[in-house]
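Okay, entry20.pdb now, which holds PDB, C-alpha atoms:
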ATOM      1  CA  PRO A  14      70.965 113.717  56.220
ATOM      2  CA  GLU A  15      72.158 110.238  57.195
ATOM      3  CA  CYS A  16      75.769 111.460  57.447
ATOM      4  CA  ARG A  17      74.716 114.466  59.548
ATOM      5  CA  ASN A  18      72.677 112.348  61.980
ATOM      6  CA  LYS A  19      74.566 109.058  62.159
ATOM      7  CA  GLY A  20      78.153 110.075  61.440
ATOM      8  CA  PHE A  21      80.565 108.851  58.790
ATOM      9  CA  ILE A  22      84.157 107.766  58.106
ATOM     10  CA  LEU A  23      86.036 109.191  55.112
ATOM     11  CA  ASP A  24      88.854 107.178  53.537
ATOM     12  CA  GLY A  25      90.604 108.618  50.468
ATOM     13  CA  TYR A  26      88.401 111.704  50.400
ATOM     14  CA  PRO A  27      88.878 114.638  50.313
ATOM     15  CA  THR A  28      92.069 114.581  48.301
ATOM     16  CA  THR A  29      92.444 118.332  47.710
ATOM     17  CA  TYR A  30      91.953 121.567  49.599
ATOM     18  CA  GLU A  31      88.965 122.507  47.450
ATOM     19  CA  GLU A  32      87.248 119.170  48.117
ATOM     20  CA  ALA A  33      87.772 119.674  51.880
ATOM     21  CA  LYS A  34      86.323 123.189  51.627
ATOM     22  CA  ALA A  35      83.354 121.912  49.638
ATOM     23  CA  LEU A  36      82.763 119.270  52.278
ATOM     24  CA  GLY A  37      82.902 121.691  55.182
ATOM     25  CA  GLU A  38      81.052 124.725  53.838
ATOM     26  CA  PHE A  39      77.662 125.431  52.352
ATOM     27  CA  THR A  40      77.555 126.576  48.761
ATOM     28  CA  ALA A  41      76.143 129.984  47.918
ATOM     29  CA  GLU A  42      72.963 128.327  46.630
ATOM     30  CA  GLU A  43      72.555 126.361  49.868
ATOM     31  CA  ILE A  44      73.034 129.481  51.982
ATOM     32  CA  LYS A  45      70.532 131.376  49.902
ATOM     33  CA  ALA A  46      68.042 128.528  50.099
ATOM     34  CA  LYS A  47      68.302 128.540  53.909
ATOM     35  CA  GLU A  48      67.475 132.273  54.188
ATOM     36  CA  PRO A  49      63.797 133.288  54.484
ATOM     37  CA  LYS A  50      62.208 135.014  51.503
ATOM     38  CA  LYS A  51      62.127 138.850  51.673
ATOM     39  CA  GLU A  52      59.057 140.837  50.798
ATOM     40  CA  GLY A  53      59.455 143.024  47.733
ATOM     41  CA  GLY A  54      60.976 140.430  45.410
ATOM     42  CA  ASP A  55      64.427 140.325  43.854
ATOM     43  CA  GLU A  56      64.917 144.105  43.894
ATOM     44  CA  ALA A  57      64.511 144.224  47.700
ATOM     45  CA  GLU A  58      66.964 141.339  48.113
ATOM     46  CA  LYS A  59      69.567 143.018  45.892
ATOM     47  CA  LYS A  60      69.160 146.298  47.779
ATOM     48  CA  GLU A  61      69.586 144.547  51.154
ATOM     49  CA  GLU A  62      72.661 142.690  49.902
ATOM     50  CA  ALA A  63      74.226 145.960  48.753
ATOM     51  CA  GLU A  64      73.588 147.594  52.135
ATOM     52  CA  GLU A  65      75.064 144.611  53.967
ATOM     53  CA  ALA A  66      78.156 144.708  51.744
ATOM     54  CA  LYS A  67      78.726 148.368  52.669
ATOM     55  CA  GLU A  68      78.180 147.886  56.426
ATOM     56  CA  GLU A  69      80.021 144.630  57.009
ATOM     57  CA  GLY A  70      83.592 144.925  58.278
ATOM     58  CA  GLU A  71      86.162 142.366  59.203
ATOM     59  CA  GLY A  72      83.987 141.048  62.017
ATOM     60  CA  GLY A  73      81.059 140.669  59.686
ATOM     61  CA  LYS A  74      83.157 138.669  57.287
ATOM     62  CA  GLU A  75      84.225 136.318  60.043
ATOM     63  CA  GLU A  76      80.644 135.907  61.220
ATOM     64  CA  LYS A  77      79.484 135.252  57.690
ATOM     65  CA  LYS A  78      82.309 132.756  57.225
ATOM     66  CA  ALA A  79      81.267 130.956  60.423
ATOM     67  CA  GLU A  80      77.664 130.856  59.235
ATOM     68  CA  SER A  81      78.803 129.241  55.980
ATOM     69  CA  LYS A  82      80.285 126.245  57.809
ATOM     70  CA  ASP A  83      78.368 123.028  57.291
ATOM     71  CA  LEU A  84      78.955 121.566  60.732
ATOM     72  CA  GLY A  85      76.876 118.521  59.970
ATOM     73  CA  CYS A  86      79.345 117.414  57.285
ATOM     74  CA  LEU A  87      82.573 118.529  58.972
ATOM     75  CA  PRO A  88      84.504 115.624  60.527
ATOM     76  CA  THR A  89      84.952 115.899  64.291
ATOM     77  CA  LEU A  90      88.161 113.852  64.358
ATOM     78  CA  ILE A  91      90.988 113.575  61.809
ATOM     79  CA  ILE A  92      93.799 111.014  61.955
ATOM     80  CA  ASP A  93      96.782 111.482  59.639
ATOM     81  CA  LEU A  94      98.598 108.147  59.123
ATOM     82  CA  GLN A  95     102.194 108.947  58.214
ATOM     83  CA  SER A  96     104.479 106.474  56.447
ATOM     84  CA  GLU A  97     107.704 106.591  54.489
ATOM     85  CA  GLU A  98     107.437 105.864  50.757
ATOM     86  CA  GLU A  99     109.692 102.807  50.940
ATOM     87  CA  GLU A 100     107.687 101.263  53.772
ATOM     88  CA  ALA A 101     104.422 101.919  51.957
ATOM     89  CA  LYS A 102     105.875 100.344  48.804
ATOM     90  CA  LYS A 103     106.878  97.215  50.747
ATOM     91  CA  ARG A 104     103.379  96.882  52.132
ATOM     92  CA  THR A 105     101.930  97.235  48.620
ATOM     93  CA  GLN A 106     104.253  94.553  47.309
ATOM     94  CA  GLY A 107     103.225  92.289  50.175
ATOM     95  CA  ILE A 108      99.502  92.324  49.295
ATOM     96  CA  PRO A 109      98.309  88.816  48.315
ATOM     97  CA  ALA A 110      97.495  88.371  44.620
ATOM     98  CA  ASP A 111      93.837  87.571  45.274
ATOM     99  CA  GLN A 112      93.426  90.903  47.129
ATOM    100  CA  ILE A 113      94.986  93.157  44.458
ATOM    101  CA  VAL A 114      92.545  95.497  42.738
ATOM    102  CA  GLN A 115      93.851  96.819  39.433
ATOM    103  CA  GLY A 116      93.953 100.605  39.358
ATOM    104  CA  HIS A 117      93.674 100.805  43.149
ATOM    105  CA  ASN A 118      96.305  98.918  45.156
ATOM    106  CA  ASP A 119      98.595  97.444  42.514
ATOM    107  CA  GLU A 120     102.193  98.651  42.157
ATOM    108  CA  GLU A 121     101.534 100.805  39.086
ATOM    109  CA  SER A 122      98.665 102.597  40.805
ATOM    110  CA  PHE A 123     100.847 103.038  43.866
ATOM    111  CA  VAL A 124     103.431 104.973  41.875
ATOM    112  CA  THR A 125     100.750 107.209  40.309
ATOM    113  CA  ARG A 126      98.995 107.899  43.589
ATOM    114  CA  THR A 127     102.312 108.604  45.347
ATOM    115  CA  GLU A 128     103.202 111.289  42.780
ATOM    116  CA  THR A 129      99.749 112.856  43.150
ATOM    117  CA  PHE A 130     100.094 112.814  46.934
ATOM    118  CA  LYS A 131     103.450 114.573  46.767
ATOM    119  CA  GLN A 132     101.974 117.332  44.627
ATOM    120  CA  ILE A 133      98.964 118.077  46.843
ATOM    121  CA  SER A 134     100.627 117.554  50.248
ATOM    122  CA  ASP A 135     102.910 120.580  50.024
ATOM    123  CA  ALA A 136     102.088 122.629  53.151
ATOM    124  CA  ASN A 137     103.734 125.753  51.659
ATOM    125  CA  ALA A 138     101.717 125.788  48.435
ATOM    126  CA  ASP A 139      99.881 129.043  47.578
ATOM    127  CA  PRO A 140      97.002 128.660  47.172
ATOM    128  CA  PRO A 141      96.942 125.647  49.540
ATOM    129  CA  THR A 142      96.365 122.252  47.989
ATOM    130  CA  CYS A 143      96.591 119.860  50.941
ATOM    131  CA  PRO A 144      93.149 119.033  52.428
ATOM    132  CA  LEU A 145      94.626 118.781  55.914
ATOM    133  CA  GLU A 146      95.486 122.482  55.823
ATOM    134  CA  TYR A 147      91.793 123.344  55.607
ATOM    135  CA  PHE A 148      90.880 121.273  58.643
ATOM    136  CA  ARG A 149      93.964 122.362  60.571
ATOM    137  CA  GLU A 150      92.475 125.861  60.818
ATOM    138  CA  SER A 151      89.651 124.725  63.084
ATOM    139  CA  MET A 152      90.649 121.459  64.789
ATOM    140  CA  GLU A 153      93.521 119.346  66.059
ATOM    141  CA  ILE A 154      94.814 116.619  63.756
ATOM    142  CA  LEU A 155      96.376 113.492  65.230
ATOM    143  CA  GLU A 156      99.528 112.595  63.306
ATOM    144  CA  VAL A 157     100.320 108.889  63.780
ATOM    145  CA  PRO A 158     103.510 107.246  62.439
ATOM    146  CA  VAL A 159     102.807 103.677  61.318
ATOM    147  CA  ASP A 160     106.309 102.471  60.413
ATOM    148  CA  GLY A 161     108.477 100.148  62.498
ATOM    149  CA  THR A 162     108.120 100.073  66.280
ATOM    150  CA  GLU A 163     106.009 103.246  66.278
ATOM    151  CA  ALA A 164     103.109 101.263  64.808
ATOM    152  CA  LYS A 165     102.653  99.401  68.121
ATOM    153  CA  LYS A 166     101.854 102.667  69.887
ATOM    154  CA  SER A 167      99.535 103.910  67.143
ATOM    155  CA  PHE A 168      96.443 101.996  68.225
ATOM    156  CA  GLY A 169      96.672 103.292  71.786
ATOM    157  CA  LEU A 170      97.066 106.877  70.550
ATOM    158  CA  MET A 171      94.132 106.605  68.142
ATOM    159  CA  LYS A 172      91.935 104.983  70.800
ATOM    160  CA  ALA A 173      92.666 107.773  73.281
ATOM    161  CA  TYR A 174      92.117 110.395  70.575
ATOM    162  CA  ILE A 175      88.740 108.951  69.564
ATOM    163  CA  GLU A 176      87.511 108.415  73.138
ATOM    164  CA  LYS A 177      88.540 111.838  74.427
ATOM    165  CA  GLY A 178      87.706 113.710  71.264
ATOM    166  CA  SER A 179      91.004 115.600  71.344
ATOM    167  CA  LYS A 180      94.691 115.060  70.774
ATOM    168  CA  PRO A 181      96.381 113.107  73.593
ATOM    169  CA  GLN A 182      98.475 115.302  75.827
ATOM    170  CA  ASN A 183     101.737 114.401  77.509
ATOM    171  CA  PHE A 184     101.081 114.862  81.216
ATOM    172  CA  HIS A 185     104.404 113.378  82.288
ATOM    173  CA  PRO A 186     106.534 115.718  84.425
ATOM    174  CA  THR A 187     109.520 117.514  82.946
ATOM    175  CA  GLU A 188     113.088 116.577  83.839
ATOM    176  CA  GLU A 189     113.273 119.482  86.317
ATOM    177  CA  GLU A 190     109.995 118.425  87.943
ATOM    178  CA  SER A 191     111.142 114.794  88.065
ATOM    179  CA  PHE A 192     114.460 115.825  89.638
ATOM    180  CA  ALA A 193     112.690 118.031  92.190
ATOM    181  CA  ALA A 194     110.219 115.259  93.027
ATOM    182  CA  ARG A 195     113.019 112.697  93.334
ATOM    183  CA  THR A 196     115.041 115.062  95.556
ATOM    184  CA  ALA A 197     111.986 115.676  97.740
ATOM    185  CA  ARG A 198     111.368 111.926  98.043
ATOM    186  CA  GLU A 199     115.004 111.235  98.935
ATOM    187  CA  LYS A 200     114.938 114.036 101.500
ATOM    188  CA  ALA A 201     111.734 112.692 103.022
ATOM    189  CA  VAL A 202     113.193 109.165 103.156
ATOM    190  CA  ALA A 203     116.394 110.479 104.784
ATOM    191  CA  GLU A 204     114.376 112.433 107.365
ATOM    192  CA  GLN A 205     112.233 109.396 108.126
ATOM    193  CA  LYS A 206     115.352 107.235 108.457
ATOM    194  CA  ALA A 207     117.036 109.762 110.774
ATOM    195  CA  GLN A 208     113.863 110.062 112.843
ATOM    196  CA  ALA A 209     113.564 106.274 113.080
ATOM    197  CA  GLU A 210     117.222 105.974 114.131
ATOM    198  CA  ALA A 211     116.754 108.701 116.765
ATOM    199  CA  LEU A 212     113.649 106.970 118.125
ATOM    200  CA  ALA A 213     115.442 103.612 118.169
ATOM    201  CA  LYS A 214     118.438 105.120 119.977
ATOM    202  CA  GLU A 215     116.190 106.863 122.491
ATOM    203  CA  LYS A 216     114.265 103.640 123.071
ATOM    204  CA  GLN A 217     117.513 101.676 123.498
ATOM    205  CA  GLU A 218     118.859 104.203 126.018
ATOM    206  CA  LYS A 219     115.583 104.172 127.911
ATOM    207  CA  GLU A 220     115.544 100.371 128.034
ATOM    208  CA  ALA A 221     119.210 100.297 129.182
ATOM    209  CA  LYS A 222     118.450 102.830 131.922
ATOM    210  CA  GLU A 223     115.403 100.881 133.098
ATOM    211  CA  LYS A 224     117.428  97.639 133.044
ATOM    212  CA  ALA A 225     120.223  99.266 135.086
ATOM    213  CA  GLU A 226     117.691 100.521 137.635
ATOM    214  CA  ILE A 227     116.076  97.079 137.864
ATOM    215  CA  ASP A 228     119.514  95.409 138.275
ATOM    216  CA  ALA A 229     120.487  97.890 141.008
ATOM    217  CA  LYS A 230     117.232  97.280 142.868
ATOM    218  CA  ASP A 231     117.708  93.530 142.468
ATOM    219  CA  ARG A 232     121.272  93.681 143.838
ATOM    220  CA  GLN A 233     120.132  95.791 146.757
ATOM    221  CA  ARG A 234     117.310  93.364 147.477
ATOM    222  CA  ARG A 235     119.632  90.324 147.312
ATOM    223  CA  LYS A 236     122.100  92.097 149.609
ATOM    224  CA  GLN A 237     119.340  92.863 152.079
ATOM    225  CA  VAL A 238     118.085  89.271 151.964
ATOM    226  CA  LEU A 239     121.628  87.991 152.523
ATOM    227  CA  LEU A 240     122.094  90.254 155.547
ATOM    228  CA  GLU A 241     118.777  89.138 156.971
ATOM    229  CA  GLU A 242     119.693  85.483 156.409
ATOM    230  CA  GLN A 243     123.091  85.954 158.086
ATOM    231  CA  ALA A 244     121.467  87.656 161.063
ATOM    232  CA  LEU A 245     118.901  84.863 161.296
ATOM    233  CA  ILE A 246     121.614  82.207 161.128
ATOM    234  CA  GLU A 247     123.639  83.959 163.803
ATOM    235  CA  ASN A 248     120.620  84.265 166.070
ATOM    236  CA  CYS A 249     119.738  80.609 165.558
ATOM    237  CA  SER A 250     123.317  79.387 165.964
ATOM    238  CA  LYS A 251     123.989  80.906 169.431
ATOM    239  CA  PRO A 252     122.589  77.940 171.492
ATOM    240  CA  LEU A 253     124.212  75.497 169.098
ATOM    241  CA  ARG A 254     127.587  77.223 169.464
ATOM    242  CA  GLU A 255     127.367  77.083 173.201
ATOM    243  CA  TYR A 256     126.472  73.400 173.058
ATOM    244  CA  LEU A 257     129.355  72.608 170.717
ATOM    245  CA  MET A 258     131.851  74.647 172.742
ATOM    246  CA  GLY A 259     130.832  72.872 175.918
ATOM    247  CA  ASN A 260     130.513  69.256 174.767
ATOM    248  CA  VAL A 261     132.144  68.631 171.377
ATOM    249  CA  ILE A 262     134.976  71.035 170.759
ATOM    250  CA  PRO A 263     137.096  70.247 173.904
ATOM    251  CA  PRO A 264     137.355  66.451 173.387
ATOM    252  CA  LEU A 265     137.723  66.952 169.634
ATOM    253  CA  ILE A 266     140.640  69.319 170.176
ATOM    254  CA  LYS A 267     142.249  66.879 172.559
ATOM    255  CA  GLY A 268     141.794  64.065 170.075
ATOM    256  CA  LEU A 269     143.333  66.104 167.274
ATOM    257  CA  LEU A 270     146.282  67.030 169.446
ATOM    258  CA  GLU A 271     146.761  63.386 170.304
ATOM    259  CA  VAL A 272     146.628  62.437 166.620
ATOM    260  CA  CYS A 273     149.301  65.022 165.901
ATOM    261  CA  LYS A 274     151.504  63.614 168.637
ATOM    262  CA  GLN A 275     151.104  59.956 167.761
ATOM    263  CA  GLN A 276     150.727  60.281 163.985
ATOM    264  CA  PRO A 277     149.073  56.880 163.549
ATOM    265  CA  GLU A 278     148.740  55.123 160.215
ATOM    266  CA  ASP A 279     144.947  55.495 160.323
ATOM    267  CA  PRO A 280     144.279  58.888 161.931
ATOM    268  CA  ILE A 281     140.535  58.707 161.446
ATOM    269  CA  ASP A 282     140.246  55.357 163.190
ATOM    270  CA  TYR A 283     142.616  56.550 165.921
ATOM    271  CA  LEU A 284     140.561  59.698 166.489
ATOM    272  CA  ALA A 285     137.373  57.656 166.624
ATOM    273  CA  GLU A 286     138.855  55.279 169.224
ATOM    274  CA  PHE A 287     140.061  58.257 171.248
ATOM    275  CA  LEU A 288     136.612  59.844 171.235
ATOM    276  CA  PHE A 289     134.929  56.528 172.197
ATOM    277  CA  LYS A 290     137.396  56.088 175.067
ATOM    278  CA  PHE A 291     136.943  59.703 176.180
ATOM    279  CA  ALA A 292     133.177  59.327 176.130
ATOM    280  CA  ALA A 293     133.336  56.131 178.208
ATOM    281  CA  GLU A 294     135.617  57.655 180.818
ATOM    282  CA  ASP A 295     133.676  60.906 181.024
ATOM    283  CA  LYS A 296     130.211  59.416 181.433
ATOM    284  CA  PRO A 297     130.030  59.144 185.290
ATOM    285  CA  GLU A 298     131.303  62.633 185.806
ATOM    286  CA  ALA A 299     128.943  63.910 183.172
ATOM    287  CA  LYS A 300     125.987  62.266 184.842
ATOM    288  CA  LYS A 301     127.052  63.590 188.222
ATOM    289  CA  ALA A 302     127.459  67.116 186.863
ATOM    290  CA  GLU A 303     124.082  66.905 185.256
ATOM    291  CA  ALA A 304     122.471  65.739 188.496
ATOM    292  CA  GLN A 305     124.104  68.502 190.489
ATOM    293  CA  LYS A 306     122.959  70.991 187.905
ATOM    294  CA  GLU A 307     119.407  69.828 188.378
ATOM    295  CA  THR A 308     119.623  70.093 192.246
ATOM    296  CA  GLY A 309     121.432  73.424 192.057
ATOM    297  CA  LYS A 310     124.486  72.259 194.071
ATOM    298  CA  LYS A 311     128.029  72.942 193.135
ATOM    299  CA  PRO A 312     130.288  69.950 192.835
ATOM    300  CA  GLU A 313     132.687  69.478 195.714
ATOM    301  CA  SER A 314     136.240  70.308 194.937
ATOM    302  CA  LYS A 315     138.820  67.694 195.806
ATOM    303  CA  VAL A 316     142.047  68.889 197.271
ATOM    304  CA  VAL A 317     144.943  66.569 196.836
ATOM    305  CA  ALA A 318     147.782  67.167 199.266
ATOM    306  CA  SER A 319     151.139  66.060 198.323
ATOM    307  CA  ALA A 320     153.355  65.019 201.156
ATOM    308  CA  ALA A 321     156.823  66.019 200.942
ATOM    309  CA  CYS A 322     159.130  63.178 201.231
TER     310      CYS A 322
END
Represent the supplied structure as structure tokens.
Amino acid sequence: PECRNKGFILDGYPTTYEEAKALGEFTAEEIKAKEPKKEGGDEAEKKEEAEEAKEEGEGGKEEKKAESKDLGCLPTLIIDLQSEEEEAKKRTQGIPADQIVQGHNDEESFVTRTETFKQISDANADPPTCPLEYFRESMEILEVPVDGTEAKKSFGLMKAYIEKGSKPQNFHPTEEESFAARTAREKAVAEQKAQAEALAKEKQEKEAKEKAEIDAKDRQRRKQVLLEEQALIENCSKPLREYLMGNVIPPLIKGLLEVCKQQPEDPIDYLAEFLFKFAAEDKPEAKKAEAQKETGKKPESKVVASAAC
């Protein structure tokens, strides 16, 4: 009852097919003890058994076989630790002396137990002798290699098997699925790249177009401002031009002509002296012209007659 209710771990048992069958099935006495008593005694029971034997077919046999299973004693998980004989022998030889139990894990017992294991582990034996063959009929057995580098993966496999209650499955994609997924990813990346390049090109063209429009408007505006400034300068320079043409340009031209004729060593000083002299000589006439301009009279013209000799 404790095994049925609390669970158990079997190590080294069962060692044969018959022991596994005895563990997993009720005996005839146990089955009979579970059945309710029939009225009429042993004769009625024998008669009922005979009738059942005649009526039962293949399905009845299977049902009866299922009813004979002792599910409370059947293990729910089975782990088959697989190791090569040489590796197992090395591990046996490596056991410390204080941990060796004579008749159990010493080298002599190892040889005996290995021979026994070889005899009962033949999967093709008829009748079957390997206990795993009995359990293989109704459940999945986890086969775990424990030699070399495979031993590192064993604990993860056993943990997953115990937690899930079934043999771990390989859910990794096949090579064809991996290739298809990789091709799809590369295609998606290429499409995204092409789309990004197209958007970047479109954005660049749009920015260049906007910049060209802004530059054209700016040039047009600068041109318009320049024209307006030139017109303003011309309008403002008309009185100044008249003033210069009437008062500055004539004596300046005369002075320059005089400089060209005389070609003095210091033309600037010569021109300055000429302009000072011209200004001094021209002052009375200038004042008189200005006065006449204010009174509105024209200056009298002097006629000089030349007498012929």
Once 5 Å is added on each side, what are the centre and the three edge lengths, in Å to one decimal, of the axis-aligned box enclosing the listed atoms of range 194-210 of chain A? Present them as JSON.
{"center_x": 113.7, "center_y": 110.8, "center_z": 103.6, "size_x": 17.0, "size_y": 19.7, "size_z": 31.1}
Identify all residues satisfying the PyMOL selection byres ((chain A and resi 160) around 9) in the given file; provide them as a VMD selection string. chain A and resid 95 to 97 100 to 101 158 to 159 161 to 164
Extract, using all atoms listed in the file, all DNA, RNA and protein residues at most 12 Å from Phe123 in chain A, discarding same-chain residues fewer than 2 positions from it, and format them as a PyMOL selection string. chain A and resi 98-99+101-106+113-121+125-130
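Proximity of A:Val157, A:Val238, A:Val202, A:Leu90 to Leu170 in chain A, computed with only C-alpha atoms, is greatest for A:Val157.
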Choose the residue, out of A:Ile281, A:Leu288, A:Leu87, A:Ala110, that has the smallest atom-to-atom separation from Gly268 in chain A; count all atoms listed in the file. A:Leu288
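Here, the PyMOL selection byres ((chain A and resi 148) around 10) matches Tyr30, Ala33, Lys34, Gly37, Leu87, Pro88, Thr89, Leu90, Ile91, Cys143, Pro144, Leu145, Glu146, Tyr147, Arg149, Glu150, Ser151, Met152, Glu153 and Ile154 of chain A.
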Store the residues picked out above in a file with C-alpha atoms, as a PDB file, keeping the file's coordinate frame.
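And here's selection.pdb as it stands now:
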ATOM      1  CA  TYR A  30      91.953 121.567  49.599  1.00  0.00           C
ATOM      2  CA  ALA A  33      87.772 119.674  51.880  1.00  0.00           C
ATOM      3  CA  LYS A  34      86.323 123.189  51.627  1.00  0.00           C
ATOM      4  CA  GLY A  37      82.902 121.691  55.182  1.00  0.00           C
ATOM      5  CA  LEU A  87      82.573 118.529  58.972  1.00  0.00           C
ATOM      6  CA  PRO A  88      84.504 115.624  60.527  1.00  0.00           C
ATOM      7  CA  THR A  89      84.952 115.899  64.291  1.00  0.00           C
ATOM      8  CA  LEU A  90      88.161 113.852  64.358  1.00  0.00           C
ATOM      9  CA  ILE A  91      90.988 113.575  61.809  1.00  0.00           C
ATOM     10  CA  CYS A 143      96.591 119.860  50.941  1.00  0.00           C
ATOM     11  CA  PRO A 144      93.149 119.033  52.428  1.00  0.00           C
ATOM     12  CA  LEU A 145      94.626 118.781  55.914  1.00  0.00           C
ATOM     13  CA  GLU A 146      95.486 122.482  55.823  1.00  0.00           C
ATOM     14  CA  TYR A 147      91.793 123.344  55.607  1.00  0.00           C
ATOM     15  CA  ARG A 149      93.964 122.362  60.571  1.00  0.00           C
ATOM     16  CA  GLU A 150      92.475 125.861  60.818  1.00  0.00           C
ATOM     17  CA  SER A 151      89.651 124.725  63.084  1.00  0.00           C
ATOM     18  CA  MET A 152      90.649 121.459  64.789  1.00  0.00           C
ATOM     19  CA  GLU A 153      93.521 119.346  66.059  1.00  0.00           C
ATOM     20  CA  ILE A 154      94.814 116.619  63.756  1.00  0.00           C
TER      21      ILE A 154
END
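Here CA of Phe291 in chain A stands at a distance of 23.7 Å from CA of Pro252 in chain A.
Going from CA of Leu23 in chain A to CA of Pro109 in chain A covers 24.7 Å.
Considering only C-alpha atoms, the residue among A:Leu284, A:Ile133, A:Ile175, A:Ala293 positioned nearest to Leu265 in chain A is A:Leu284.
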